[in-house]
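Shown here: protein_1.txt, compact mmCIF, C-alpha atoms.
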# COMPACT_ATOMS: atom_id res chain seq x y z
CA MET A 1 -22.81 -31.80 75.29
CA THR A 2 -23.26 -34.96 73.24
CA PRO A 3 -25.03 -37.62 75.25
CA VAL A 4 -22.97 -40.72 75.98
CA LEU A 5 -25.87 -42.86 74.87
CA GLU A 6 -28.85 -42.18 72.69
CA VAL A 7 -31.52 -44.80 72.09
CA ARG A 8 -34.12 -44.04 69.47
CA ASP A 9 -37.23 -46.07 68.71
CA LEU A 10 -35.48 -49.28 69.70
CA SER A 11 -37.39 -52.51 69.18
CA TYR A 12 -36.53 -56.14 69.43
CA ARG A 13 -38.67 -58.97 68.26
CA LEU A 14 -37.76 -62.53 69.05
CA PRO A 15 -36.68 -64.12 65.77
CA GLY A 16 -38.71 -67.11 64.64
CA ALA A 17 -41.58 -68.29 66.80
CA GLY A 18 -44.55 -65.97 66.52
CA ASP A 19 -44.31 -62.23 66.77
CA ARG A 20 -43.30 -61.68 70.36
CA HIS A 21 -41.98 -58.17 70.98
CA LEU A 22 -39.53 -58.15 73.86
CA VAL A 23 -38.73 -54.46 73.56
CA THR A 24 -40.92 -51.91 71.79
CA ALA A 25 -40.12 -48.38 70.64
CA LEU A 26 -37.74 -47.37 73.42
CA SER A 27 -36.26 -43.89 73.33
CA PHE A 28 -34.00 -42.32 75.94
CA SER A 29 -30.60 -40.77 76.31
CA VAL A 30 -27.91 -40.75 79.00
CA ALA A 31 -25.60 -37.78 79.57
CA PRO A 32 -22.08 -38.01 81.03
CA GLY A 33 -22.25 -38.37 84.80
CA GLU A 34 -25.83 -39.52 84.63
CA THR A 35 -27.17 -42.86 85.83
CA LEU A 36 -30.36 -44.04 84.23
CA VAL A 37 -31.97 -46.76 86.31
CA LEU A 38 -34.24 -49.15 84.45
CA LEU A 39 -36.78 -50.64 86.80
CA GLY A 40 -39.29 -53.32 86.05
CA ARG A 41 -40.44 -56.78 86.86
CA SER A 42 -38.74 -59.89 85.57
CA GLY A 43 -39.40 -60.24 81.87
CA SER A 44 -40.20 -56.57 81.31
CA GLY A 45 -37.31 -56.21 78.86
CA LYS A 46 -34.62 -54.55 81.05
CA THR A 47 -31.85 -57.04 80.37
CA THR A 48 -32.82 -57.28 76.72
CA THR A 49 -32.43 -53.50 76.46
CA LEU A 50 -28.86 -53.67 77.81
CA LYS A 51 -27.99 -56.42 75.37
CA LEU A 52 -29.40 -54.38 72.50
CA ILE A 53 -27.12 -51.52 73.52
CA ASN A 54 -23.91 -53.59 73.45
CA ARG A 55 -25.21 -55.71 70.57
CA LEU A 56 -25.21 -59.04 72.33
CA LEU A 57 -28.61 -58.90 70.62
CA GLU A 58 -29.25 -57.15 67.31
CA PRO A 59 -32.15 -54.64 67.33
CA THR A 60 -34.91 -55.37 64.86
CA ARG A 61 -35.65 -51.65 64.58
CA GLY A 62 -34.36 -48.32 65.81
CA GLU A 63 -30.97 -46.88 66.50
CA VAL A 64 -28.41 -46.74 69.28
CA ARG A 65 -25.67 -44.10 69.35
CA LEU A 66 -22.61 -44.23 71.54
CA GLN A 67 -20.98 -40.81 71.90
CA GLY A 68 -22.77 -39.75 68.76
CA GLU A 69 -21.68 -42.78 66.73
CA ALA A 70 -24.27 -45.24 65.42
CA THR A 71 -23.43 -48.58 67.04
CA ALA A 72 -24.72 -50.50 64.01
CA THR A 73 -21.72 -49.22 62.04
CA LEU A 74 -19.15 -50.59 64.52
CA GLU A 75 -17.72 -54.09 64.83
CA PRO A 76 -19.63 -55.60 67.80
CA TYR A 77 -16.43 -56.56 69.66
CA ARG A 78 -14.95 -53.06 69.18
CA LEU A 79 -18.17 -51.52 70.42
CA ARG A 80 -18.21 -53.74 73.51
CA ARG A 81 -14.68 -52.78 74.50
CA ARG A 82 -15.92 -49.20 74.77
CA ILE A 83 -18.77 -50.19 77.09
CA GLY A 84 -18.28 -51.54 80.59
CA TYR A 85 -20.58 -54.49 81.34
CA VAL A 86 -21.39 -55.88 84.76
CA ILE A 87 -23.81 -58.77 85.22
CA GLN A 88 -25.40 -60.24 88.32
CA GLU A 89 -23.56 -63.54 87.95
CA ILE A 90 -20.37 -61.48 87.53
CA GLY A 91 -18.73 -64.10 85.32
CA LEU A 92 -15.17 -63.68 86.54
CA PHE A 93 -12.78 -65.96 84.66
CA PRO A 94 -12.00 -68.67 87.21
CA HIS A 95 -8.65 -69.54 85.60
CA PHE A 96 -7.41 -65.93 85.72
CA THR A 97 -6.13 -64.10 88.79
CA VAL A 98 -8.01 -61.03 89.99
CA ALA A 99 -5.41 -58.84 88.25
CA GLN A 100 -5.79 -60.75 84.96
CA ASN A 101 -9.55 -60.42 85.18
CA VAL A 102 -9.41 -56.69 85.74
CA GLY A 103 -6.76 -56.20 83.05
CA LEU A 104 -8.59 -58.18 80.39
CA VAL A 105 -9.92 -55.44 78.12
CA PRO A 106 -6.64 -53.45 78.23
CA ARG A 107 -4.88 -56.70 77.29
CA LEU A 108 -7.29 -57.27 74.39
CA GLU A 109 -6.60 -53.69 73.34
CA GLY A 110 -2.87 -54.33 73.38
CA TRP A 111 -1.78 -52.05 76.20
CA PRO A 112 1.84 -52.53 77.36
CA PRO A 113 2.07 -54.80 80.46
CA ASP A 114 3.35 -52.14 82.88
CA ARG A 115 0.51 -49.79 81.95
CA ILE A 116 -1.99 -52.62 82.52
CA ALA A 117 -0.41 -53.44 85.90
CA GLY A 118 -0.64 -49.80 86.98
CA ARG A 119 -4.25 -49.53 85.84
CA VAL A 120 -5.20 -52.73 87.67
CA ARG A 121 -3.76 -51.45 90.97
CA GLU A 122 -5.50 -48.13 90.55
CA LEU A 123 -8.86 -49.80 89.90
CA LEU A 124 -8.62 -52.31 92.71
CA ALA A 125 -7.93 -49.44 95.10
CA LEU A 126 -10.86 -47.56 93.60
CA VAL A 127 -13.31 -50.38 94.39
CA GLY A 128 -11.90 -50.78 97.88
CA LEU A 129 -9.66 -53.82 97.45
CA ASP A 130 -6.01 -53.61 98.57
CA PRO A 131 -4.02 -54.41 95.40
CA ASP A 132 -1.17 -56.05 97.36
CA GLU A 133 -3.59 -58.41 99.00
CA PHE A 134 -5.97 -59.18 96.13
CA ALA A 135 -4.21 -58.80 92.77
CA GLU A 136 -2.76 -62.32 92.65
CA ARG A 137 -5.72 -64.11 94.22
CA SER A 138 -7.97 -66.53 92.39
CA PRO A 139 -11.59 -65.40 92.06
CA ARG A 140 -12.50 -68.56 93.93
CA ALA A 141 -10.83 -67.17 97.05
CA LEU A 142 -13.13 -64.15 97.17
CA SER A 143 -16.45 -63.47 98.90
CA GLY A 144 -19.50 -62.55 96.83
CA GLY A 145 -19.08 -58.86 97.59
CA GLN A 146 -15.38 -58.89 96.74
CA ARG A 147 -16.14 -60.64 93.49
CA GLN A 148 -18.64 -58.03 92.47
CA ARG A 149 -16.10 -55.29 93.30
CA VAL A 150 -13.69 -57.03 90.94
CA GLY A 151 -16.50 -57.20 88.38
CA VAL A 152 -16.98 -53.44 88.58
CA ALA A 153 -13.22 -52.80 88.40
CA ARG A 154 -13.01 -55.05 85.35
CA ALA A 155 -15.80 -53.14 83.61
CA LEU A 156 -13.99 -49.84 84.23
CA ALA A 157 -10.58 -51.07 83.07
CA ALA A 158 -10.34 -49.47 79.64
CA ASP A 159 -12.05 -46.29 80.85
CA PRO A 160 -15.29 -46.76 78.89
CA ALA A 161 -17.63 -43.80 78.48
CA LEU A 162 -20.65 -45.95 79.22
CA LEU A 163 -21.30 -48.59 81.85
CA LEU A 164 -24.12 -51.16 81.65
CA LEU A 165 -24.98 -52.83 84.94
CA ASP A 166 -27.46 -55.70 85.09
CA GLU A 167 -28.61 -56.17 88.70
CA PRO A 168 -25.00 -56.07 89.85
CA PHE A 169 -25.88 -56.34 93.54
CA GLY A 170 -28.87 -58.67 93.13
CA ALA A 171 -27.17 -61.83 94.34
CA LEU A 172 -25.50 -60.34 97.43
CA ASP A 173 -26.63 -60.62 101.04
CA PRO A 174 -28.57 -57.55 102.29
CA ILE A 175 -25.72 -56.10 104.37
CA THR A 176 -23.10 -56.40 101.64
CA ARG A 177 -25.62 -55.07 99.13
CA VAL A 178 -26.25 -51.89 101.12
CA GLU A 179 -22.50 -51.42 101.60
CA LEU A 180 -21.81 -51.76 97.90
CA GLN A 181 -24.76 -49.52 96.95
CA ARG A 182 -23.38 -46.79 99.21
CA GLU A 183 -19.88 -47.08 97.78
CA PHE A 184 -21.23 -47.24 94.27
CA ARG A 185 -23.13 -44.01 94.85
CA ALA A 186 -19.92 -42.28 95.85
CA LEU A 187 -18.18 -43.76 92.84
CA GLU A 188 -20.85 -42.52 90.40
CA GLY A 189 -20.03 -38.90 91.17
CA ARG A 190 -16.28 -39.39 90.91
CA LEU A 191 -16.35 -41.30 87.64
CA GLY A 192 -18.57 -38.98 85.62
CA LYS A 193 -19.57 -41.80 83.27
CA GLY A 194 -22.89 -42.49 81.67
CA MET A 195 -24.53 -45.52 83.21
CA VAL A 196 -27.57 -47.67 82.60
CA PHE A 197 -28.37 -49.61 85.75
CA VAL A 198 -30.95 -52.38 85.69
CA THR A 199 -32.65 -53.46 88.90
CA HIS A 200 -36.03 -54.54 90.20
CA ASP A 201 -35.30 -53.00 93.61
CA VAL A 202 -37.05 -49.60 93.79
CA ARG A 203 -35.02 -48.43 96.78
CA GLU A 204 -31.80 -49.22 94.97
CA GLY A 205 -33.13 -47.37 91.94
CA LEU A 206 -34.08 -44.28 93.93
CA LEU A 207 -30.72 -44.28 95.71
CA LEU A 208 -28.51 -44.67 92.65
CA GLY A 209 -30.48 -43.21 89.74
CA THR A 210 -30.23 -39.70 88.39
CA ARG A 211 -33.29 -40.65 86.39
CA LEU A 212 -35.55 -43.65 86.52
CA GLY A 213 -37.27 -45.50 83.74
CA LEU A 214 -39.99 -48.01 84.49
CA MET A 215 -40.32 -50.78 81.95
CA HIS A 216 -43.51 -52.71 81.48
CA GLU A 217 -44.01 -55.38 78.82
CA GLY A 218 -41.12 -54.08 76.75
CA ARG A 219 -42.17 -50.43 76.82
CA LEU A 220 -40.99 -47.49 78.85
CA ALA A 221 -44.05 -46.78 81.01
CA PHE A 222 -42.38 -43.90 82.84
CA LEU A 223 -39.19 -41.86 82.54
CA GLY A 224 -38.25 -39.09 84.96
CA THR A 225 -36.16 -38.01 87.92
CA ALA A 226 -36.31 -39.79 91.26
CA GLU A 227 -38.47 -36.96 92.62
CA GLU A 228 -40.88 -37.21 89.68
CA PHE A 229 -40.99 -40.95 90.13
CA ARG A 230 -41.99 -40.63 93.79
CA ARG A 231 -44.78 -38.19 92.97
CA SER A 232 -46.05 -39.83 89.83
CA ASN A 233 -49.68 -40.82 89.52
CA ASP A 234 -48.93 -43.44 86.93
CA PRO A 235 -50.57 -46.65 88.17
CA GLN A 236 -47.53 -48.76 87.23
CA VAL A 237 -45.22 -46.45 89.16
CA LYS A 238 -47.56 -46.39 92.14
CA GLN A 239 -47.66 -50.13 92.24
CA PHE A 240 -43.89 -50.20 92.28
CA MET A 241 -43.63 -47.51 94.97
CA GLU A 242 -46.02 -49.42 97.19
CA ALA A 243 -43.84 -52.48 96.95
CA ALA A 244 -40.84 -50.52 98.22
CA MET B 1 9.25 -118.33 84.00
CA ASN B 2 8.70 -119.49 80.46
CA LEU B 3 7.70 -115.95 79.64
CA LEU B 4 10.93 -114.48 80.99
CA ARG B 5 12.95 -117.02 79.02
CA PHE B 6 10.92 -116.16 75.93
CA TYR B 7 11.64 -112.43 76.30
CA GLY B 8 15.32 -113.26 76.92
CA ASP B 9 15.48 -115.16 73.65
CA HIS B 10 13.36 -112.71 71.62
CA ALA B 11 14.24 -109.33 73.15
CA ARG B 12 14.81 -107.56 69.85
CA GLU B 13 11.61 -108.81 68.30
CA ALA B 14 9.57 -108.04 71.43
CA PHE B 15 10.85 -104.48 71.64
CA GLY B 16 10.20 -104.06 67.93
CA LEU B 17 6.58 -105.10 68.35
CA LEU B 18 6.20 -102.88 71.39
CA GLY B 19 7.60 -99.99 69.34
CA GLN B 20 5.14 -100.70 66.51
CA HIS B 21 2.33 -100.79 69.03
CA LEU B 22 3.32 -97.43 70.46
CA VAL B 23 3.54 -95.91 66.99
CA LEU B 24 0.09 -97.25 66.05
CA VAL B 25 -1.49 -95.82 69.19
CA GLY B 26 0.53 -92.59 69.21
CA ALA B 27 -0.03 -91.74 65.55
CA SER B 28 -3.73 -92.58 65.60
CA THR B 29 -4.43 -90.67 68.83
CA PHE B 30 -2.46 -87.67 67.55
CA LEU B 31 -4.45 -87.63 64.30
CA ALA B 32 -7.71 -88.13 66.17
CA VAL B 33 -6.93 -85.10 68.37
CA LEU B 34 -6.05 -83.07 65.27
CA ILE B 35 -9.42 -83.92 63.70
CA GLY B 36 -11.59 -84.42 66.80
CA VAL B 37 -10.89 -81.26 68.78
CA PRO B 38 -11.70 -78.83 65.93
CA LEU B 39 -14.74 -80.96 65.09
CA GLY B 40 -15.93 -80.80 68.71
CA VAL B 41 -15.43 -77.03 68.73
CA LEU B 42 -17.39 -76.77 65.49
CA LEU B 43 -20.31 -78.63 67.08
CA THR B 44 -20.49 -75.99 69.83
CA ARG B 45 -20.85 -73.35 67.08
CA ARG B 46 -23.28 -75.33 64.90
CA PRO B 47 -25.62 -77.09 67.34
CA ALA B 48 -27.67 -78.51 64.45
CA TRP B 49 -24.68 -80.66 63.43
CA ARG B 50 -24.29 -82.20 66.85
CA GLY B 51 -26.84 -85.02 66.37
CA PRO B 52 -25.62 -86.24 62.96
CA VAL B 53 -21.88 -85.96 63.74
CA LEU B 54 -22.00 -87.61 67.18
CA GLY B 55 -24.43 -90.19 65.79
CA LEU B 56 -22.05 -91.10 62.99
CA ALA B 57 -19.08 -91.30 65.36
CA ASN B 58 -21.21 -93.49 67.57
CA VAL B 59 -21.99 -95.84 64.69
CA PHE B 60 -18.26 -96.19 63.93
CA GLN B 61 -17.61 -96.89 67.59
CA THR B 62 -20.23 -99.64 67.55
CA ILE B 63 -18.76 -101.55 64.59
CA PRO B 64 -16.71 -104.44 65.98
CA SER B 65 -13.05 -103.58 65.53
CA LEU B 66 -12.12 -106.65 63.54
CA ALA B 67 -15.04 -105.94 61.18
CA LEU B 68 -13.93 -102.34 60.76
CA PHE B 69 -10.41 -103.45 59.86
CA GLY B 70 -12.02 -105.82 57.37
CA PHE B 71 -14.20 -103.09 55.83
CA LEU B 72 -11.17 -100.88 55.30
CA ILE B 73 -8.98 -103.38 53.51
CA PRO B 74 -10.71 -103.13 50.07
CA LEU B 75 -10.85 -99.28 50.17
CA PRO B 76 -8.47 -97.37 47.91
CA PHE B 77 -5.96 -94.91 49.52
CA LEU B 78 -7.08 -95.54 53.10
CA GLY B 79 -7.23 -99.29 52.98
CA GLY B 80 -5.07 -102.26 52.10
CA ILE B 81 -2.94 -104.46 54.30
CA GLY B 82 -0.64 -102.87 56.87
CA ALA B 83 -0.13 -100.14 59.41
CA ARG B 84 -1.79 -97.35 57.43
CA THR B 85 -5.16 -99.12 57.40
CA ALA B 86 -4.82 -99.90 61.08
CA ILE B 87 -4.12 -96.26 61.89
CA VAL B 88 -7.17 -95.15 59.92
CA ALA B 89 -9.34 -97.61 61.87
CA LEU B 90 -7.83 -96.54 65.19
CA VAL B 91 -8.44 -92.86 64.36
CA VAL B 92 -12.08 -93.65 63.61
CA TYR B 93 -12.35 -95.35 67.02
CA ALA B 94 -10.61 -92.55 68.86
CA LEU B 95 -12.78 -89.82 67.34
CA LEU B 96 -15.96 -90.35 69.33
CA PRO B 97 -14.56 -89.81 72.84
CA ILE B 98 -12.47 -86.86 71.69
CA VAL B 99 -15.22 -85.09 69.73
CA ARG B 100 -17.79 -85.75 72.42
CA ASN B 101 -15.60 -84.60 75.28
CA THR B 102 -14.49 -81.48 73.41
CA TYR B 103 -18.13 -80.62 72.82
CA VAL B 104 -19.12 -81.39 76.42
CA GLY B 105 -16.09 -79.61 77.90
CA ILE B 106 -16.73 -76.41 76.02
CA SER B 107 -20.51 -76.50 76.44
CA GLY B 108 -19.96 -76.97 80.17
CA VAL B 109 -18.27 -73.58 80.60
CA ASP B 110 -20.36 -71.36 82.88
CA PRO B 111 -22.70 -69.32 80.61
CA ALA B 112 -22.08 -66.24 82.79
CA VAL B 113 -18.35 -66.48 82.09
CA ARG B 114 -19.03 -66.76 78.39
CA GLU B 115 -21.42 -63.82 78.46
CA ALA B 116 -18.94 -61.72 80.40
CA GLY B 117 -16.25 -62.52 77.84
CA ARG B 118 -18.44 -61.65 74.90
CA GLY B 119 -19.85 -58.60 76.66
CA MET B 120 -16.35 -57.26 77.28
CA GLY B 121 -15.44 -57.50 73.62
CA MET B 122 -13.71 -60.82 73.09
CA THR B 123 -13.91 -62.04 69.52
CA ASP B 124 -15.14 -65.59 69.04
CA GLY B 125 -11.55 -66.77 68.55
CA GLN B 126 -10.40 -65.05 71.74
CA LEU B 127 -13.30 -66.48 73.70
CA LEU B 128 -12.35 -69.94 72.45
CA THR B 129 -8.61 -69.79 73.07
CA MET B 130 -8.58 -67.66 76.24
CA VAL B 131 -11.66 -68.98 78.01
CA GLU B 132 -13.49 -71.97 76.57
CA ILE B 133 -10.60 -74.29 75.75
CA PRO B 134 -8.61 -73.57 78.95
CA LEU B 135 -11.72 -74.15 81.07
CA GLY B 136 -12.78 -77.24 79.12
CA LEU B 137 -9.28 -78.72 78.93
CA GLY B 138 -9.75 -81.21 81.78
CA VAL B 139 -12.81 -82.73 80.13
CA ILE B 140 -11.25 -82.62 76.65
CA PHE B 141 -8.17 -84.38 77.97
CA ALA B 142 -10.32 -87.04 79.63
CA GLY B 143 -11.57 -87.87 76.13
CA VAL B 144 -8.00 -88.16 74.88
CA ARG B 145 -7.20 -90.50 77.78
CA VAL B 146 -10.16 -92.77 77.02
CA ALA B 147 -9.25 -92.76 73.32
CA THR B 148 -5.65 -93.71 74.10
CA VAL B 149 -6.53 -96.53 76.46
CA VAL B 150 -9.09 -97.96 74.05
CA GLY B 151 -6.51 -97.55 71.29
CA VAL B 152 -3.91 -99.63 73.15
CA GLY B 153 -6.44 -102.46 73.31
CA THR B 154 -7.77 -102.16 69.78
CA ALA B 155 -4.25 -101.93 68.33
CA THR B 156 -3.64 -105.55 69.37
CA ILE B 157 -6.20 -106.54 66.73
CA ALA B 158 -4.31 -104.57 64.10
CA ALA B 159 -1.94 -107.55 63.84
CA ALA B 160 -4.74 -109.37 62.05
CA ILE B 161 -4.32 -107.11 59.02
CA GLY B 162 -0.55 -107.15 59.08
CA ALA B 163 0.02 -103.92 60.97
CA GLY B 164 2.31 -105.49 63.59
CA GLY B 165 2.24 -104.55 67.24
CA LEU B 166 1.90 -106.75 70.32
CA GLY B 167 -1.11 -108.46 68.79
CA VAL B 168 1.31 -110.43 66.60
CA TYR B 169 2.28 -112.57 69.62
CA ILE B 170 -1.33 -113.00 70.66
CA PHE B 171 -2.53 -114.14 67.23
CA ARG B 172 0.52 -116.36 66.77
CA GLY B 173 -0.02 -117.85 70.23
CA VAL B 174 -3.69 -118.52 69.59
CA SER B 175 -3.04 -120.27 66.28
CA THR B 176 -0.29 -122.45 67.72
CA VAL B 177 -2.06 -122.94 71.08
CA ASP B 178 0.94 -121.51 72.91
CA ASP B 179 0.02 -119.84 76.22
CA THR B 180 3.43 -118.31 76.69
CA LEU B 181 3.27 -116.61 73.34
CA ILE B 182 -0.26 -115.27 74.04
CA LEU B 183 0.93 -113.89 77.37
CA ALA B 184 4.02 -112.38 75.73
CA GLY B 185 1.67 -110.14 73.76
CA ALA B 186 -1.26 -109.75 76.13
CA LEU B 187 0.67 -108.90 79.29
CA PRO B 188 2.66 -105.92 77.97
CA ALA B 189 -0.46 -104.65 76.15
CA ALA B 190 -2.40 -104.71 79.40
CA ILE B 191 0.43 -103.04 81.32
CA LEU B 192 0.76 -100.43 78.58
CA ALA B 193 -2.96 -99.61 78.87
CA LEU B 194 -2.68 -99.26 82.64
CA ILE B 195 0.41 -97.03 82.41
CA ALA B 196 -1.23 -94.85 79.75
CA ASP B 197 -4.35 -94.55 81.86
CA GLY B 198 -2.38 -93.65 84.97
CA LEU B 199 -0.09 -91.09 83.35
CA LEU B 200 -2.79 -89.39 81.33
CA GLY B 201 -5.07 -89.41 84.36
CA LEU B 202 -2.36 -87.56 86.28
CA ILE B 203 -2.14 -84.89 83.58
CA GLU B 204 -5.91 -84.71 83.37
CA ARG B 205 -6.24 -83.91 87.06
CA ARG B 206 -3.70 -81.12 86.70
CA LEU B 207 -5.66 -79.63 83.79
CA ALA B 208 -9.08 -79.84 85.41
CA ARG B 209 -10.07 -76.51 86.90
Could I get this file's structure written as structure tokens?
Amino acid sequence: MTPVLEVRDLSYRLPGAGDRHLVTALSFSVAPGETLVLLGRSGSGKTTTLKLINRLLEPTRGEVRLQGEATATLEPYRLRRRIGYVIQEIGLFPHFTVAQNVGLVPRLEGWPPDRIAGRVRELLALVGLDPDEFAERSPRALSGGQRQRVGVARALAADPALLLLDEPFGALDPITRVELQREFRALEGRLGKGMVFVTHDVREGLLLGTRLGLMHEGRLAFLGTAEEFRRSNDPQVKQFMEAA
Amino acid sequence: MNLLRFYGDHAREAFGLLGQHLVLVGASTFLAVLIGVPLGVLLTRRPAWRGPVLGLANVFQTIPSLALFGFLIPLPFLGGIGARTAIVALVVYALLPIVRNTYVGISGVDPAVREAGRGMGMTDGQLLTMVEIPLGLGVIFAGVRVATVVGVGTATIAAAIGAGGLGVYIFRGVSTVDDTLILAGALPAAILALIADGLLGLIERRLAR
């Protein structure tokens, strides 16, 4: 089976000032139904890696393939519509209703309105929000947890093969976070998508990841299954496990 | 009382001047929006231009209005005596608040919202028209309001270069030391500024999100 995502020898150097490498020689792949969790401290290059995948940043070296296709050959905005993107700050459009937020990418892709409406209802139900109650609400009238559910629904709208999640539950209170993690775990299996999930929370990573990658100073210091991660003797990994 | 009698005797002329005044302000504000909003948007895309462009607009704003009218008179095409020159000067005055507020309004959009839009595959044009302008509209419109109110005031001076408007009564009143005549121009100009401010402020509050 073709991997959803292949990253080969990916590097990113900050343009201009000096020669600072933010990401160095990353290689990994993500199969359908697999969630790769990228762990690491702040500034280790996790977020940068996600942005290199959807070309919010342009790699200085290396290659990214989405379903076998080199992303460098695609228009960035076309590429991004095929990749779901969820960020910690969520970034819901405050002047759109919940339904308009969720239906954005289908709208950009020119779906007919009734198909968008149907898809929006389906997705809201999927993330545990009653469409009748929430579709016409303003994002301002939602709790943090509800907002992030909408964020996930929005990322899934056009049925992308790959989902990039950047600390999606990082800003939530502990109880809501655990609730969403549990639901997200159930969702992972049902969706069968490839996912790259960035977090600095080891427990979250072990719970949600099929495989875990530990990033340190822009490099992948470790890549393996959750079980391998727990047993690893790598000093970086051990340090992280102790913190959990 | 004298004022009422004056308006009774000169109703046609007074309404004519009021009409001229409205045209001066309306045309110049319209043109300033047409130039200023795209220019403000451009500054958000080319941050290096922000300093020079806002600086230049600031310099124009600082030139005393009567002096600016004077500078324009000898210029070919734009200048000369009459309404066209006045409109050019009023556009120059209106530009700064409109450009600045467009820039500020769009820059003030939550970076997370912008990143989400880009990350989901909006083109730059879509991001601008679907997200940045709608969210910045309240601030942009505040600039238009300031420009309009300032324009109502500055347009009274346009009479000095033969552009008409309510300033005609003021200048005529000053030169003939006639208080009634001064008031006949100054009072409606002041009321006009207040009405413009109130109405546009109402719209602005509706647009602010």
Could you give me, as a ChimeraX atom specification, the residues within 12 Å of Val168 of chain B, counting all atoms listed in the file and dropping anything in the same chain fewer than 2 positions from it? /B:13-14,16-18,20-21,155-166,170-175,181-186,189
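Distances from A:Leu220, A:Thr73, A:Leu57, A:His95 to Leu137 of chain B were compared using all atoms listed in the file, and the smallest one belongs to A:His95.
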Counting all atoms listed in the file, the residue among A:Met241, A:Ala153, A:Ala117, A:Leu56 that lies closest to chain B is A:Leu56
Give me, as JSON lines, each residue of chain B that comes within 9 Å of chain A, together with its shortest interatomic pair and the distance in Å at one decimal, counting only C-alpha atoms, with rows ordered by chain and rising residue number.
{"residue": "B:Asp110", "atom": "CA", "partner": "A:Gly91", "partner_atom": "CA", "distance": 7.8}
{"residue": "B:Pro111", "atom": "CA", "partner": "A:Gly91", "partner_atom": "CA", "distance": 8.1}
{"residue": "B:Ala112", "atom": "CA", "partner": "A:Gly91", "partner_atom": "CA", "distance": 4.7}
{"residue": "B:Val113", "atom": "CA", "partner": "A:Gly91", "partner_atom": "CA", "distance": 4.0}
{"residue": "B:Arg114", "atom": "CA", "partner": "A:Gly91", "partner_atom": "CA", "distance": 7.4}
{"residue": "B:Glu115", "atom": "CA", "partner": "A:Gly91", "partner_atom": "CA", "distance": 7.4}
{"residue": "B:Ala116", "atom": "CA", "partner": "A:Gly91", "partner_atom": "CA", "distance": 5.5}
{"residue": "B:Gly117", "atom": "CA", "partner": "A:Gly91", "partner_atom": "CA", "distance": 8.0}
{"residue": "B:Arg118", "atom": "CA", "partner": "A:Tyr77", "partner_atom": "CA", "distance": 7.6}
{"residue": "B:Gly119", "atom": "CA", "partner": "A:Arg80", "partner_atom": "CA", "distance": 6.0}
{"residue": "B:Met120", "atom": "CA", "partner": "A:Arg80", "partner_atom": "CA", "distance": 5.5}
{"residue": "B:Gly121", "atom": "CA", "partner": "A:Tyr77", "partner_atom": "CA", "distance": 4.2}
{"residue": "B:Met122", "atom": "CA", "partner": "A:Tyr77", "partner_atom": "CA", "distance": 6.1}
{"residue": "B:Thr123", "atom": "CA", "partner": "A:Tyr77", "partner_atom": "CA", "distance": 6.0}
{"residue": "B:Gln126", "atom": "CA", "partner": "A:Leu108", "partner_atom": "CA", "distance": 8.8}
{"residue": "B:Val131", "atom": "CA", "partner": "A:Phe93", "partner_atom": "CA", "distance": 7.4}
{"residue": "B:Pro134", "atom": "CA", "partner": "A:His95", "partner_atom": "CA", "distance": 7.8}
{"residue": "B:Leu135", "atom": "CA", "partner": "A:His95", "partner_atom": "CA", "distance": 7.2}
{"residue": "B:Arg209", "atom": "CA", "partner": "A:His95", "partner_atom": "CA", "distance": 7.2}
When distances are computed from all atoms listed in the file, which of A:Val98, A:Val37, A:Leu14, A:Val23 shows the smallest separation from Gly209 of chain A? A:Val37
Have a look at atom CA of Glu6 of chain A and atom CA of Ala25 of chain A and let me know their distance in Å, one decimal.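 One can read the atom CA of Glu6 of chain A to atom CA of Ala25 of chain A distance as 13.0 Å.
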Closest to Leu214 of chain A among A:Pro235, A:Gly33, A:Pro131, A:Pro139, using all atoms listed in the file?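 Once distances to Leu214 of chain A are computed over all atoms listed in the file, the minimum belongs to A:Pro235.
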Report as a list in words all protein, DNA and RNA residues lying within 6 Å of segment 62-69 of chain A, evaluated on only C-alpha atoms, omitting residues in the same chain fewer than 2 positions from it.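 Once the adjacent positions are removed, what remains is Val4, Leu5, Glu6, Val7, Arg8, Asp9, Leu10 and Thr71 of chain A.
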Same residues, C-alpha atoms, saved as a PDB file, keeping the file's coordinate frame:
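Saved the output as result.pdb:
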ATOM      1  CA  VAL A   4     -22.970 -40.720  75.980  1.00  0.00           C
ATOM      2  CA  LEU A   5     -25.870 -42.860  74.870  1.00  0.00           C
ATOM      3  CA  GLU A   6     -28.850 -42.180  72.690  1.00  0.00           C
ATOM      4  CA  VAL A   7     -31.520 -44.800  72.090  1.00  0.00           C
ATOM      5  CA  ARG A   8     -34.120 -44.040  69.470  1.00  0.00           C
ATOM      6  CA  ASP A   9     -37.230 -46.070  68.710  1.00  0.00           C
ATOM      7  CA  LEU A  10     -35.480 -49.280  69.700  1.00  0.00           C
ATOM      8  CA  THR A  71     -23.430 -48.580  67.040  1.00  0.00           C
TER       9      THR A  71
END
Find the spatial neighbours of segment 72-76 of chain B, counting all atoms listed in the file, within a cut-off of 10 Å - ignore same-chain residues fewer than 2 positions away - and output them as a count of residues only. 14
Find, counting all atoms listed in the file, the residue in B:Ala83, B:Ile203, B:Leu90, B:Leu43 that gets nearest to Leu66 of chain B.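 Closest to Leu66 of chain B, using all atoms listed in the file: B:Leu90.
Around Thr225 of chain A, within 9 Å and counting all atoms listed in the file, the residues found are A:Leu206, A:Gly209, A:Thr210, A:Arg211, A:Leu212, A:Gly213, A:Glu228, A:Phe229, A:Arg230, once anything fewer than 3 positions away on its own chain is removed.
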